[in-house]
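To start, the structure under review is shown below, and the notes come after it.
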Amino acid sequence: MAPSPPSPADFEAIFRATTSPLLVLGTDLVIVEVNRACEEATFRERDEVVGRHVFDAYPANPNDPDGGGVRDVDALFRRVLATGAAQSLPVLKYDVPHSGSPTGFREKYWSPVSSPVLDPDGEVAGLLHHVEDVTGFHEELARIERAYRRTDTPTARTHTAVAQRGYERHLAQAAHDLRRYRELEQEASQLRRAMRSRATIDQAIGIVQAERRCGPEDAFQILVTISQRTNTKLRDIAAGLVSLAETDAPGPLLPDTP
């Protein structure tokens, strides 16, 4: 059995319960409804704003004439009404009235999205305005920016291009350094193996010198000859000779060589 469609009461309950601030406007931009989250975010009760033009209910801050919030939001509403499609804005400053503030307004930053409400004929009958209060994030970014200024560090806002180029150079240098590090690590590993082999070969030369009573050059040549005859690497010949000497085996350690 198919579930029955939600009733208008269900939609109203969802609208009021959602934690995202929502505002319903008519095409004349008069407020039709607000949810509880919007009341809390704007410090205005439903009865204070419903039935009023949106910019009368939420006026511009007279102490911040260059804020541009009203202008930008009005342009957003006009685009939705004209296109019948959802529109959004970057984060913008739009202060709201607040009786506890010395200026009568609380500084606020929002991330707004407006969507059309369509009638059965597909015509725009109203707007659903959704905002996210990002004031806390903005304040944290401002705190970081102030810290950067105190240390003369370029900020993302004032030095975006410079910082981007610097970051690209950093990535390129880091990649180069990583490649070079791997090359050096490989070279170092090879060198360590070579040094261990050389130490073993030197020990073997000393053993040959003692047994054959010859100089180091002749002792080395004897080891080379054995390596060639047995098709065995010189370091393996040397390692075997050193190991055999450490066992204190009686008798000569080397095979006869011409």
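How things are named: the first chain in the structure tokens is A, the next is B, and so on; residues count from 1 in each chain; ligands count from 1 in the order shown.
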Report as number ranges by chain all protein, DNA and RNA residues lying within 7 Å of Ile201 of chain A, evaluated on only C-alpha atoms, omitting residues in the same chain fewer than 3 positions from it. A: 197-198, 204-205, 235, 238
Excluding Gly51 of chain A and any residue of its chain fewer than 5 positions from it, enumerate the residues within 7 Å of it, using only C-alpha atoms, and give them as a VMD selection string. chain A and resid 30 to 32
How would the residues just picked look written out with C-alpha atoms as a PDB file, in the first residue's frame?
ATOM      1  CA  VAL A  30       5.940  40.865   2.173  1.00  0.00           C
ATOM      2  CA  ILE A  31       6.735  38.238   4.806  1.00  0.00           C
ATOM      3  CA  VAL A  32       4.190  35.412   4.841  1.00  0.00           C
TER       4      VAL A  32
END
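Every protein, DNA or RNA residue with an atom at most 7 Å from segment 114-120 of chain A, where only C-alpha atoms count and chain neighbours fewer than 6 positions away do not, is listed here: Phe77, Val80, Gly84, Ala85, Ala86, Gln87, Ser88, Gly126, Leu127, Leu128, His129 and His130 of chain A.
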Find the residues near segment 207-210 of chain A: any atom within 12 Å, counting only C-alpha atoms, skip ones fewer than 5 places away on the same chain, and give them as an MDAnalysis selection string. chainID A and resid 200:202 215:224 226 237:246 252:257
To one decimal place, how far is atom CA of Lys93 of chain A from atom CA of Asn61 of chain A in Å? 10.3 Å
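The spacing separating atom CA of Glu33 of chain A from atom CA of Arg16 of chain A amounts to 9.7 Å.
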Find, counting only C-alpha atoms, the residue in A:Pro97, A:Phe15, A:Asn231, A:Glu139 that gets nearest to Glu45 of chain A.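 With only C-alpha atoms as the atom set, the closest residue is A:Pro97.
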Please identify all polymer residues within 7 Å of Val34 of chain A, counting only C-alpha atoms, omitting same-chain residues fewer than 4 positions from it, and present them as an MDAnalysis selection string. chainID A and resid 22:24 38 46
Could you write those residues out with all heavy atoms, as an mmCIF file, in the first residue's frame?
data_model
loop_
_atom_site.group_PDB
_atom_site.id
_atom_site.type_symbol
_atom_site.label_atom_id
_atom_site.label_comp_id
_atom_site.auth_asym_id
_atom_site.auth_seq_id
_atom_site.Cartn_x
_atom_site.Cartn_y
_atom_site.Cartn_z
ATOM 1 N N LEU A 22 14.354 29.881 7.878
ATOM 2 C CA LEU A 22 13.567 29.948 6.654
ATOM 3 C C LEU A 22 12.575 31.104 6.741
ATOM 4 O O LEU A 22 11.988 31.368 7.790
ATOM 5 C CB LEU A 22 12.801 28.646 6.422
ATOM 6 C CG LEU A 22 13.635 27.385 6.209
ATOM 7 C CD1 LEU A 22 12.721 26.167 6.166
ATOM 8 C CD2 LEU A 22 14.454 27.484 4.930
ATOM 9 N N LEU A 23 12.378 31.756 5.590
ATOM 10 C CA LEU A 23 11.500 32.912 5.491
ATOM 11 C C LEU A 23 10.686 32.751 4.214
ATOM 12 O O LEU A 23 11.244 32.497 3.145
ATOM 13 C CB LEU A 23 12.372 34.172 5.414
ATOM 14 C CG LEU A 23 11.758 35.554 5.489
ATOM 15 C CD1 LEU A 23 11.268 35.820 6.903
ATOM 16 C CD2 LEU A 23 12.812 36.594 5.114
ATOM 17 N N VAL A 24 9.370 32.847 4.291
ATOM 18 C CA VAL A 24 8.509 32.756 3.113
ATOM 19 C C VAL A 24 8.012 34.157 2.776
ATOM 20 O O VAL A 24 7.481 34.868 3.635
ATOM 21 C CB VAL A 24 7.317 31.817 3.352
ATOM 22 C CG1 VAL A 24 6.436 31.749 2.101
ATOM 23 C CG2 VAL A 24 7.794 30.422 3.744
ATOM 24 N N CYS A 38 14.544 30.964 12.240
ATOM 25 C CA CYS A 38 14.708 32.326 11.734
ATOM 26 C C CYS A 38 14.475 33.344 12.853
ATOM 27 O O CYS A 38 15.192 34.347 12.953
ATOM 28 C CB CYS A 38 13.745 32.567 10.571
ATOM 29 S SG CYS A 38 13.947 34.170 9.775
ATOM 30 N N ARG A 46 7.923 36.052 15.387
ATOM 31 C CA ARG A 46 7.072 35.915 14.211
ATOM 32 C C ARG A 46 6.068 37.054 14.119
ATOM 33 O O ARG A 46 5.868 37.633 13.040
ATOM 34 C CB ARG A 46 6.353 34.568 14.281
ATOM 35 C CG ARG A 46 5.363 34.325 13.153
ATOM 36 C CD ARG A 46 4.681 32.970 13.299
ATOM 37 N NE ARG A 46 3.753 32.758 12.209
ATOM 38 C CZ ARG A 46 2.502 33.212 12.188
ATOM 39 N NH1 ARG A 46 2.036 33.932 13.220
ATOM 40 N NH2 ARG A 46 1.718 32.979 11.144
#
